[in-house]
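K.L.:
Structure file entry-v4.txt (compact mmCIF, C-alpha atoms and all ligand atoms) right here:
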# COMPACT_ATOMS: atom_id res chain seq x y z
CA GLY R 1050 -8.73 -18.75 5.30
CA GLU R 1051 -8.44 -16.00 2.74
CA LEU R 1052 -8.34 -12.96 5.04
CA VAL R 1053 -6.05 -10.06 4.17
CA VAL R 1054 -5.49 -7.79 7.19
CA SER R 1055 -4.07 -4.31 6.44
CA PHE R 1056 -2.44 -2.29 9.18
CA GLY R 1057 -1.72 1.45 9.24
CA GLU R 1058 -3.10 4.84 8.34
CA MET R 1059 -6.38 5.95 6.86
CA LEU R 1060 -6.88 9.66 6.26
CA VAL R 1061 -8.63 12.28 4.17
CA ASP R 1062 -6.67 13.67 1.24
CA PHE R 1063 -7.84 17.05 0.00
CA VAL R 1064 -7.16 17.42 -3.73
CA PRO R 1065 -7.69 20.55 -5.87
CA THR R 1066 -10.86 20.67 -7.97
CA VAL R 1067 -8.73 21.74 -10.96
CA ALA R 1068 -5.60 20.07 -12.38
CA GLY R 1069 -2.06 21.38 -12.41
CA VAL R 1070 -2.18 24.00 -9.63
CA SER R 1071 -0.05 24.52 -6.53
CA LEU R 1072 -1.75 24.21 -3.15
CA ALA R 1073 -1.69 28.00 -2.84
CA GLU R 1074 -3.32 28.46 -6.26
CA ALA R 1075 -6.04 25.81 -5.77
CA PRO R 1076 -9.48 27.45 -5.80
CA ALA R 1077 -11.13 24.60 -3.83
CA PHE R 1078 -10.49 21.05 -2.63
CA LEU R 1079 -12.36 17.73 -2.85
CA LYS R 1080 -12.29 15.13 -0.08
CA ALA R 1081 -10.52 11.96 -1.26
CA PRO R 1082 -10.35 9.17 1.32
CA GLY R 1083 -6.95 7.49 1.30
CA GLY R 1084 -4.04 6.04 3.21
CA ALA R 1085 -2.22 3.25 1.39
CA PRO R 1086 -3.04 0.36 3.79
CA ALA R 1087 -6.72 1.32 3.82
CA ASN R 1088 -6.73 1.50 0.01
CA VAL R 1089 -5.26 -2.00 -0.13
CA SER R 1090 -8.00 -3.39 2.14
CA ILE R 1091 -10.70 -1.80 -0.03
CA ALA R 1092 -8.99 -3.09 -3.20
CA VAL R 1093 -9.15 -6.65 -1.80
CA ALA R 1094 -12.82 -6.33 -0.81
CA ARG R 1095 -13.82 -4.74 -4.14
CA LEU R 1096 -12.35 -7.83 -5.86
CA GLY R 1097 -14.64 -10.02 -3.75
CA GLY R 1098 -12.04 -10.93 -1.13
CA GLU R 1099 -12.11 -11.00 2.65
CA ALA R 1100 -10.42 -7.89 4.12
CA ALA R 1101 -9.99 -6.20 7.49
CA PHE R 1102 -8.33 -2.90 8.41
CA VAL R 1103 -6.48 -2.28 11.69
CA GLY R 1104 -5.81 1.33 12.65
CA LYS R 1105 -6.92 4.38 14.61
CA LEU R 1106 -9.14 7.27 13.53
CA GLY R 1107 -10.22 10.45 15.26
CA ASP R 1108 -13.58 10.29 17.04
CA ASP R 1109 -14.78 13.04 14.71
CA GLU R 1110 -16.85 13.52 11.55
CA PHE R 1111 -14.02 12.46 9.25
CA GLY R 1112 -13.09 9.41 11.35
CA ARG R 1113 -16.67 8.15 11.31
CA MET R 1114 -16.92 8.92 7.58
CA LEU R 1115 -13.79 6.83 6.88
CA ALA R 1116 -15.01 3.86 8.96
CA ALA R 1117 -18.29 3.98 7.03
CA ILE R 1118 -16.34 3.92 3.75
CA LEU R 1119 -14.55 0.75 4.90
CA ARG R 1120 -17.87 -0.91 5.83
CA ASP R 1121 -19.69 0.24 2.69
CA ASN R 1122 -16.93 -1.39 0.65
CA GLY R 1123 -17.16 -4.66 2.57
CA VAL R 1124 -14.03 -4.24 4.71
CA ASP R 1125 -14.27 -5.45 8.33
CA ASP R 1126 -13.78 -2.33 10.50
CA GLY R 1127 -14.14 -4.18 13.81
CA ALA R 1128 -10.45 -3.58 14.60
CA VAL R 1129 -10.67 0.18 14.01
CA VAL R 1130 -10.35 2.20 17.22
CA PHE R 1131 -11.24 5.84 17.78
CA ASP R 1132 -9.26 8.45 19.68
CA ALA R 1133 -11.38 10.97 21.54
CA GLY R 1134 -8.48 13.40 21.94
CA ALA R 1135 -6.94 13.56 18.46
CA ARG R 1136 -8.19 14.36 14.98
CA THR R 1137 -8.28 12.12 11.92
CA ALA R 1138 -5.21 12.92 9.77
CA LEU R 1139 -5.60 15.29 6.82
CA ALA R 1140 -3.31 15.78 3.84
CA PHE R 1141 -3.62 18.46 1.19
CA VAL R 1142 -1.99 17.14 -1.96
CA THR R 1143 -1.60 18.38 -5.52
CA LEU R 1144 0.23 17.47 -8.71
CA ARG R 1145 1.60 20.78 -9.96
CA ALA R 1146 1.93 21.68 -13.65
CA ASP R 1147 5.70 21.05 -13.42
CA GLY R 1148 5.00 17.41 -12.44
CA GLU R 1149 6.05 17.85 -8.79
CA ARG R 1150 3.75 16.61 -6.03
CA GLU R 1151 3.15 19.09 -3.23
CA PHE R 1152 1.97 17.91 0.22
CA MET R 1153 0.74 19.58 3.40
CA PHE R 1154 0.04 17.23 6.30
CA TYR R 1155 -2.07 17.88 9.39
CA ARG R 1156 -0.70 15.32 11.86
CA ASN R 1157 0.17 17.03 15.12
CA PRO R 1158 -0.26 14.24 16.16
CA SER R 1159 -3.22 12.69 14.34
CA ALA R 1160 -5.22 9.74 15.69
CA ASP R 1161 -3.47 7.14 13.48
CA MET R 1162 -0.13 7.96 15.16
CA LEU R 1163 -1.61 7.29 18.62
CA LEU R 1164 -2.59 3.64 18.21
CA THR R 1165 -1.06 1.64 21.07
CA ALA R 1166 -0.07 -2.04 21.22
CA ASP R 1167 -2.78 -2.54 23.90
CA GLU R 1168 -5.44 -1.36 21.46
CA LEU R 1169 -4.60 -3.99 18.82
CA ASN R 1170 -7.42 -6.37 17.97
CA VAL R 1171 -5.39 -9.55 18.42
CA ASP R 1172 -8.21 -11.85 17.23
CA VAL R 1173 -8.44 -10.14 13.84
CA ILE R 1174 -4.65 -10.09 13.38
CA LYS R 1175 -4.40 -13.80 14.28
CA ARG R 1176 -6.96 -14.69 11.60
CA ALA R 1177 -4.85 -13.09 8.83
CA THR R 1178 -3.60 -15.26 6.00
CA VAL R 1179 -1.67 -12.21 4.80
CA PHE R 1180 -0.79 -9.30 7.10
CA HIS R 1181 -0.01 -6.16 5.08
CA TYR R 1182 1.57 -2.84 6.17
CA GLY R 1183 3.50 0.20 4.98
CA SER R 1184 6.06 2.42 6.68
CA ILE R 1185 4.15 5.61 7.66
CA SER R 1186 3.08 3.80 10.85
CA LEU R 1187 6.78 3.39 11.80
CA ILE R 1188 7.42 7.12 12.06
CA ALA R 1189 6.16 7.96 15.55
CA GLU R 1190 5.44 6.31 18.89
CA PRO R 1191 3.21 4.83 20.17
CA CYS R 1192 2.06 3.64 16.72
CA ARG R 1193 5.54 2.37 15.86
CA SER R 1194 5.48 -0.11 18.77
CA ALA R 1195 1.93 -1.14 17.92
CA HIS R 1196 3.07 -1.81 14.35
CA LEU R 1197 6.03 -3.96 15.47
CA ARG R 1198 3.82 -5.89 17.92
CA ALA R 1199 1.15 -6.50 15.27
CA MET R 1200 3.80 -7.91 12.91
CA GLU R 1201 4.95 -10.31 15.67
CA ILE R 1202 1.40 -11.46 16.42
CA ALA R 1203 0.68 -12.07 12.75
CA LYS R 1204 3.94 -13.92 12.14
CA GLU R 1205 3.50 -16.13 15.22
CA ALA R 1206 -0.01 -17.00 14.01
CA GLY R 1207 1.43 -18.13 10.66
CA ALA R 1208 0.48 -15.20 8.41
CA LEU R 1209 2.57 -14.13 5.44
CA LEU R 1210 3.88 -10.59 5.99
CA SER R 1211 3.50 -8.13 3.10
CA TYR R 1212 5.36 -4.79 3.10
CA ASP R 1213 4.89 -1.77 0.84
CA PRO R 1214 7.31 0.89 2.13
CA ASN R 1215 6.55 4.54 1.38
CA PRO R 1216 9.38 7.07 1.85
CA ARG R 1217 7.05 10.19 1.97
CA GLU R 1218 10.06 12.27 2.97
CA ALA R 1219 8.18 15.27 4.38
CA LEU R 1220 6.94 13.09 7.26
CA TRP R 1221 10.38 11.98 8.47
CA SER R 1222 12.99 14.12 10.21
CA SER R 1223 15.52 13.30 7.47
CA ARG R 1224 16.05 11.16 4.38
CA GLU R 1225 18.51 9.01 6.28
CA GLU R 1226 16.02 8.49 9.12
CA ALA R 1227 13.40 7.37 6.59
CA ARG R 1228 15.81 4.96 4.92
CA THR R 1229 17.04 3.46 8.20
CA LYS R 1230 13.57 3.01 9.71
CA ILE R 1231 12.11 1.61 6.49
CA LEU R 1232 14.96 -0.94 6.34
CA SER R 1233 14.71 -1.73 10.08
CA ILE R 1234 11.81 -4.13 9.40
CA TRP R 1235 12.98 -5.21 5.94
CA ASP R 1236 14.11 -8.73 6.83
CA GLN R 1237 10.83 -9.79 8.51
CA ALA R 1238 8.72 -9.56 5.36
CA ASP R 1239 7.75 -12.44 3.08
CA ILE R 1240 6.48 -10.22 0.25
CA VAL R 1241 7.85 -6.74 -0.52
CA LYS R 1242 6.65 -4.33 -3.19
CA VAL R 1243 8.67 -1.27 -4.20
CA SER R 1244 8.43 1.17 -7.11
CA GLU R 1245 11.32 2.27 -9.33
CA SER R 1246 11.84 5.47 -7.34
CA GLU R 1247 11.84 3.50 -4.08
CA VAL R 1248 14.62 1.25 -5.40
CA GLU R 1249 16.66 4.41 -5.98
CA PHE R 1250 15.73 5.82 -2.56
CA LEU R 1251 16.76 2.62 -0.77
CA THR R 1252 19.86 1.61 -2.76
CA GLY R 1253 21.10 5.05 -3.84
CA ILE R 1254 21.33 3.73 -7.43
CA ASP R 1255 19.00 4.99 -10.18
CA SER R 1256 18.46 1.65 -11.92
CA VAL R 1257 16.20 -1.39 -11.72
CA GLU R 1258 18.74 -3.77 -13.28
CA ASP R 1259 18.65 -7.15 -11.52
CA ASP R 1260 21.97 -6.62 -9.70
CA VAL R 1261 20.63 -3.37 -8.17
CA VAL R 1262 17.23 -4.82 -7.16
CA MET R 1263 18.95 -7.89 -5.69
CA LYS R 1264 20.60 -5.61 -3.12
CA LEU R 1265 17.10 -5.46 -1.61
CA TRP R 1266 16.55 -9.24 -1.74
CA ARG R 1267 16.82 -11.35 1.43
CA PRO R 1268 17.10 -15.17 1.57
CA THR R 1269 13.93 -15.31 3.70
CA PHE R 1270 11.83 -13.44 1.10
CA LYS R 1271 9.20 -15.28 -0.91
CA LEU R 1272 8.57 -12.47 -3.40
CA LEU R 1273 10.06 -9.06 -4.24
CA LEU R 1274 8.18 -6.87 -6.72
CA VAL R 1275 9.28 -3.70 -8.49
CA THR R 1276 6.37 -1.84 -10.09
CA LEU R 1277 7.22 0.07 -13.27
CA GLY R 1278 4.08 2.15 -13.90
CA GLY R 1279 2.83 1.60 -17.47
CA GLN R 1280 5.63 -0.93 -18.05
CA GLY R 1281 4.14 -3.40 -15.55
CA CYS R 1282 6.28 -5.11 -12.96
CA LYS R 1283 9.48 -7.05 -12.31
CA TYR R 1284 9.30 -9.99 -9.91
CA TYR R 1285 11.93 -11.91 -7.97
CA ALA R 1286 11.09 -15.19 -6.22
CA ARG R 1287 13.40 -17.76 -4.67
CA ASP R 1288 13.74 -19.93 -7.79
CA PHE R 1289 12.73 -17.64 -10.64
CA ARG R 1290 12.36 -14.05 -11.76
CA GLY R 1291 10.92 -12.14 -14.69
CA VAL R 1292 8.98 -9.15 -16.02
CA VAL R 1293 5.23 -8.99 -16.63
CA PRO R 1294 4.08 -6.13 -18.90
CA SER R 1295 0.91 -4.22 -18.02
CA TYR R 1296 -2.14 -3.44 -20.16
CA LYS R 1297 -2.75 -0.50 -22.49
CA ILE R 1298 -5.20 1.99 -20.97
CA GLN R 1299 -5.91 5.73 -21.06
CA GLN R 1300 -4.16 7.02 -17.93
CA VAL R 1301 -5.96 9.85 -16.08
CA ASP R 1302 -4.69 9.78 -12.46
CA THR R 1303 -2.16 7.28 -11.05
CA THR R 1304 -3.23 7.77 -7.40
CA GLY R 1305 -3.78 4.37 -5.83
CA ALA R 1306 -2.39 2.27 -8.71
CA GLY R 1307 0.27 0.77 -6.47
CA ASP R 1308 -2.29 -0.02 -3.76
CA ALA R 1309 -4.67 -1.58 -6.31
CA PHE R 1310 -1.77 -3.67 -7.62
CA VAL R 1311 -0.90 -4.89 -4.10
CA GLY R 1312 -4.53 -5.59 -3.17
CA ALA R 1313 -5.05 -7.67 -6.33
CA LEU R 1314 -1.83 -9.60 -5.88
CA LEU R 1315 -2.60 -10.40 -2.22
CA ARG R 1316 -6.12 -11.45 -3.21
CA LYS R 1317 -4.61 -14.00 -5.62
CA ILE R 1318 -2.01 -15.20 -3.10
CA VAL R 1319 -4.54 -15.91 -0.32
CA GLN R 1320 -6.68 -17.80 -2.83
CA ASP R 1321 -3.71 -19.95 -3.85
CA PRO R 1322 -0.54 -19.56 -1.74
CA SER R 1323 1.25 -22.06 -4.02
CA SER R 1324 1.43 -19.20 -6.56
CA LEU R 1325 4.55 -18.09 -4.70
CA GLN R 1326 6.39 -21.28 -5.74
CA ASN R 1327 4.97 -21.73 -9.23
CA GLN R 1328 6.20 -19.36 -11.93
CA GLU R 1329 3.22 -19.83 -14.23
CA LYS R 1330 0.69 -19.21 -11.45
CA LEU R 1331 2.70 -16.25 -10.15
CA GLU R 1332 2.80 -14.61 -13.58
CA GLU R 1333 -0.97 -15.09 -13.87
CA ALA R 1334 -1.44 -13.42 -10.45
CA ILE R 1335 0.84 -10.53 -11.49
CA LYS R 1336 -1.10 -10.07 -14.76
CA PHE R 1337 -4.26 -9.76 -12.68
CA ALA R 1338 -2.52 -7.24 -10.38
CA ASN R 1339 -1.21 -5.22 -13.36
CA ALA R 1340 -4.70 -5.08 -14.85
CA CYS R 1341 -6.13 -3.94 -11.50
CA GLY R 1342 -3.44 -1.23 -11.22
CA ALA R 1343 -4.01 -0.16 -14.82
CA ILE R 1344 -7.79 0.27 -14.37
CA THR R 1345 -7.21 2.33 -11.23
CA THR R 1346 -5.29 4.93 -13.29
CA THR R 1347 -8.23 5.47 -15.68
CA LYS R 1348 -10.28 7.53 -13.20
CA LYS R 1349 -9.57 10.27 -10.66
CA GLY R 1350 -8.95 9.31 -7.02
CA ALA R 1351 -7.85 6.02 -5.46
CA ILE R 1352 -10.89 4.39 -3.88
CA PRO R 1353 -13.56 5.34 -6.48
CA SER R 1354 -11.47 3.81 -9.28
CA LEU R 1355 -10.71 0.42 -7.68
CA PRO R 1356 -12.21 -2.28 -9.95
CA THR R 1357 -14.31 -5.37 -9.31
CA GLU R 1358 -13.00 -8.80 -10.32
CA ILE R 1359 -15.21 -8.82 -13.44
CA GLU R 1360 -13.77 -5.50 -14.64
CA VAL R 1361 -10.22 -6.81 -14.18
CA LEU R 1362 -10.98 -10.05 -16.05
CA GLN R 1363 -12.60 -8.07 -18.88
CA LEU R 1364 -9.46 -5.95 -19.39
CA MET R 1365 -7.33 -9.14 -19.39
CA GLU R 1366 -9.59 -10.88 -21.92
CA ASN R 1367 -9.86 -7.93 -24.29
CA ALA R 1368 -6.10 -7.33 -24.35
P1 LIG F 1 1.69 4.72 -6.37
O1 LIG F 1 1.90 5.50 -7.65
O2 LIG F 1 0.27 4.33 -6.14
O3 LIG F 1 2.38 5.29 -5.19
P2 LIG F 1 3.47 2.75 -7.54
O4 LIG F 1 4.46 3.80 -7.95
O5 LIG F 1 3.94 1.47 -7.02
O6 LIG F 1 2.42 3.32 -6.52
P3 LIG F 1 2.86 2.31 -10.27
O7 LIG F 1 4.14 1.63 -10.57
O8 LIG F 1 2.61 3.64 -10.89
O9 LIG F 1 2.55 2.40 -8.75
O10 LIG F 1 1.66 1.37 -10.69
C1 LIG F 1 1.40 0.13 -10.09
C2 LIG F 1 0.99 -0.85 -11.15
O11 LIG F 1 -0.19 -0.37 -11.81
C3 LIG F 1 2.03 -1.01 -12.25
O12 LIG F 1 2.97 -2.00 -11.89
C4 LIG F 1 1.16 -1.41 -13.42
O13 LIG F 1 0.86 -2.78 -13.37
C5 LIG F 1 -0.12 -0.62 -13.19
N1 LIG F 1 -0.07 0.66 -13.93
C6 LIG F 1 0.23 1.88 -13.43
N2 LIG F 1 0.20 2.84 -14.39
C7 LIG F 1 -0.14 2.21 -15.53
C8 LIG F 1 -0.34 2.62 -16.90
N3 LIG F 1 -0.20 3.89 -17.29
N4 LIG F 1 -0.68 1.66 -17.81
C9 LIG F 1 -0.81 0.38 -17.45
N5 LIG F 1 -0.65 -0.07 -16.20
C10 LIG F 1 -0.31 0.81 -15.24
Written as structure tokens, that's how I'd like the structure from this file.
Ligand code: ATP

P.N.:
Amino acid sequence: GELVVSFGEMLVDFVPTVAGVSLAEAPAFLKAPGGAPANVSIAVARLGGEAAFVGKLGDDEFGRMLAAILRDNGVDDGAVVFDAGARTALAFVTLRADGEREFMFYRNPSADMLLTADELNVDVIKRATVFHYGSISLIAEPCRSAHLRAMEIAKEAGALLSYDPNPREALWSSREEARTKILSIWDQADIVKVSESEVEFLTGIDSVEDDVVMKLWRPTFKLLLVTLGGQGCKYYARDFRGVVPSYKIQQVDTTGAGDAFVGALLRKIVQDPSSLQNQEKLEEAIKFANACGAITTTKKGAIPSLPTEIEVLQLMENA
């Protein structure tokens, strides 16, 4: 099979209609569907792959809108459940003129946090070739237990586990709590993707030199990736490591680049799992993922800018 199952949150981001303002200054907001695991599932489907999303939405206008976005993009939403008593999560987010991101979350609690282990669609999870997740779903019960159970089910069924941790400090009670909980499931993963700033967050060292990144390596890992924005990505596998530069594009908005990168890489890995043991194949898969991430930065928003396979191949050919 080639199914990528993503587990976690899907929500509505509200982003200012004009650039470079604080949330208080913003004159108006646009709806931008998001949530990293949902973005990954749509990235996979947009590339022509098989994708399913597992998570909980509010039984409200926004929840139904988000499920329709999954379906319209070819993602299986059969494992999405709806909570009649809680709202779909909202996040107001802006990139201020000083370069700082400002967030305001409406999760008190939101439906995604209320998914229980009993509500998991075991059949869908068992069909996964890759089971992908982040760390927002580890923050609060009962979703935390559902997340841990889903990982167990996927692993027992033979799936590769893919982890893209996201510190999002405002959502945790403390930095230390975020670090500890993010690392509490570290060793179970087969594939882990972090960004430069996440290496610093997790190791306490502001460097992506090999000796620093290797602090995050585990002997059971198959692949550890460090994304470097416009510089591309460093990769560490059991028997080899290296750097793959990205492509030259006109960057407009980086939202979703990391998710596009992960979606593209997982798409390649389910098509040919031997890429994890073959350096040449792995570098080719990472080039594809870099190109997918690069294209995603050329337009505003995450989901609208996710490319098709043809668009990715065109950027690679014309480079
Ligand atoms: P996010 O910003 O979505 O939270 P992230 O920090 O992991 O995630 P980046 O490192 O910014 O994401 O980007 C992911 C990948 O997308 C990079 O590894 C690279 O391949 C590609 N990419 C991002 N920005 C650019 C750029 N300006 N030019 C070329 N490629 C880019």

K.L.:
Taking a cut-off of 6 Å and counting only C-alpha atoms and all ligand atoms, can you build a table that, for each residue of chain R near ligand LIG 1 (chain F), reports the nearest atom pair and how far apart they are in Å (one decimal), sorted by chain then residue number, as a tab-separated table?

P.N.:
residue	atom	partner	partner_atom	distance
R:Ser1244	CA	F:LIG1	O5	4.5
R:Thr1276	CA	F:LIG1	O12	3.9
R:Leu1277	CA	F:LIG1	O7	4.4
R:Gly1278	CA	F:LIG1	O7	3.4
R:Gly1279	CA	F:LIG1	C8	3.4
R:Gly1281	CA	F:LIG1	O13	4.0
R:Cys1282	CA	F:LIG1	O12	4.7
R:Ser1295	CA	F:LIG1	N5	4.8
R:Tyr1296	CA	F:LIG1	C9	4.9
R:Lys1297	CA	F:LIG1	C9	5.5
R:Ile1298	CA	F:LIG1	N4	5.5
R:Gln1300	CA	F:LIG1	N3	5.1
R:Thr1303	CA	F:LIG1	O1	5.6
R:Thr1304	CA	F:LIG1	O2	5.1
R:Gly1305	CA	F:LIG1	O2	4.1
R:Ala1306	CA	F:LIG1	O2	4.2
R:Gly1307	CA	F:LIG1	O6	3.3
R:Asp1308	CA	F:LIG1	O2	5.6
R:Phe1310	CA	F:LIG1	C2	5.3
R:Asn1339	CA	F:LIG1	O13	3.2
R:Gly1342	CA	F:LIG1	O11	3.4
R:Ala1343	CA	F:LIG1	N5	3.6
R:Thr1346	CA	F:LIG1	N2	6.0

K.L.:
Where does range 1205-1315 of chain R meet range 1132-1153 of chain R within 10 Å, residue by residue, with the nearest atom pair and distance in Å to one decimal for each, counting only C-alpha atoms, listed by chain and rising number, as JSON lines?

P.N.:
{"residue": "R:Arg1217", "atom": "CA", "partner": "R:Phe1152", "partner_atom": "CA", "distance": 9.4}
{"residue": "R:Ala1219", "atom": "CA", "partner": "R:Phe1152", "partner_atom": "CA", "distance": 7.9}
{"residue": "R:Leu1220", "atom": "CA", "partner": "R:Met1153", "partner_atom": "CA", "distance": 9.8}
{"residue": "R:Asp1302", "atom": "CA", "partner": "R:Leu1144", "partner_atom": "CA", "distance": 9.9}

K.L.:
Please determine, counting only C-alpha atoms, which residue among R:Val1261, R:Leu1210, R:Leu1115, R:Leu1096 has the shortest atom-to-atom distance to Gly1084 in chain R.

P.N.:
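Comparing R:Val1261, R:Leu1210, R:Leu1115, R:Leu1096 against Gly1084 in chain R, the winner is R:Leu1115.
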
K.L.:
Counting all atoms listed in the file, which residue out of R:Ile1352, R:Leu1364, R:Ser1256, R:Ala1189 sits closest to Gly1083 in chain R?

P.N.:
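Ranked by minimum distance to Gly1083 in chain R, first place goes to R:Ile1352.
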
K.L.:
Can you work out which one of R:Leu1331, R:Leu1052, R:Val1241, R:Ile1188 has the shortest atom-to-atom distance to Arg1316 in chain R, counting all atoms listed in the file?

P.N.:
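Among the listed residues, R:Leu1052 lies closest to Arg1316 in chain R.
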
K.L.:
Just to confirm, what's the straight-line distance from CA of Glu1226 in chain R to CA of Ile1174 in chain R in Å (one decimal)?

P.N.:
28.1 Å

K.L.:
One number please: CA of Ser1246 in chain R to CA of Met1059 in chain R, in Å, one decimal.

P.N.:
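CA of Met1059 in chain R lies 23.1 Å from CA of Ser1246 in chain R.
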
K.L.:
Near Val1067 in chain R, within 10 Å and counting only C-alpha atoms, which residues show up once chain neighbours fewer than 6 positions away are dropped, as a ChimeraX atom specification?

P.N.:
/R:1074-1079,1143

K.L.:
Could you write those residues out with C-alpha atoms, as a CSV table (one decimal), in the coordinates of the input?

P.N.:
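part-v1.csv, written as the output of this step:
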chain,number,residue,atom,x,y,z
R,1074,GLU,CA,-3.3,28.5,-6.3
R,1075,ALA,CA,-6.0,25.8,-5.8
R,1076,PRO,CA,-9.5,27.4,-5.8
R,1077,ALA,CA,-11.1,24.6,-3.8
R,1078,PHE,CA,-10.5,21.0,-2.6
R,1079,LEU,CA,-12.4,17.7,-2.8
R,1143,THR,CA,-1.6,18.4,-5.5

K.L.:
Which residues, written as a list in words, have at least one atom at most 8 Å from Val1129 in chain R, with all atoms listed in the file counted and residues fewer than 3 positions away on the same chain left out?

P.N.:
Phe1102, Val1103, Gly1104, Lys1105, Leu1106, Ala1116 and Asp1126 of chain R

K.L.:
Kindly compute an axis-aligned box around the listed atoms of range 1153-1166 of chain R, allowing 6 Å on each side, and express its centre and edge lengths in Å to one decimal as JSON.

P.N.:
{"center_x": -2.2, "center_y": 8.8, "center_z": 12.3, "size_x": 18.0, "size_y": 33.6, "size_z": 29.8}

K.L.:
Given the point (8.0, -4.9, -5.3) in the coordinates of this file, which residues lie within 8 Å, counting all atoms listed in the file, and how would they look as a ChimeraX atom specification?

P.N.:
/R:1213,1240-1244,1272-1276,1282-1284

K.L.:
Go ahead and write the selection's residues with C-alpha atoms as a PDB file, keeping the file's coordinate frame.

P.N.:
ATOM      1  CA  ASP R1213       4.890  -1.770   0.840  1.00  0.00           C
ATOM      2  CA  ILE R1240       6.480 -10.220   0.250  1.00  0.00           C
ATOM      3  CA  VAL R1241       7.850  -6.740  -0.520  1.00  0.00           C
ATOM      4  CA  LYS R1242       6.650  -4.330  -3.190  1.00  0.00           C
ATOM      5  CA  VAL R1243       8.670  -1.270  -4.200  1.00  0.00           C
ATOM      6  CA  SER R1244       8.430   1.170  -7.110  1.00  0.00           C
ATOM      7  CA  LEU R1272       8.570 -12.470  -3.400  1.00  0.00           C
ATOM      8  CA  LEU R1273      10.060  -9.060  -4.240  1.00  0.00           C
ATOM      9  CA  LEU R1274       8.180  -6.870  -6.720  1.00  0.00           C
ATOM     10  CA  VAL R1275       9.280  -3.700  -8.490  1.00  0.00           C
ATOM     11  CA  THR R1276       6.370  -1.840 -10.090  1.00  0.00           C
ATOM     12  CA  CYS R1282       6.280  -5.110 -12.960  1.00  0.00           C
ATOM     13  CA  LYS R1283       9.480  -7.050 -12.310  1.00  0.00           C
ATOM     14  CA  TYR R1284       9.300  -9.990  -9.910  1.00  0.00           C
TER      15      TYR R1284
END
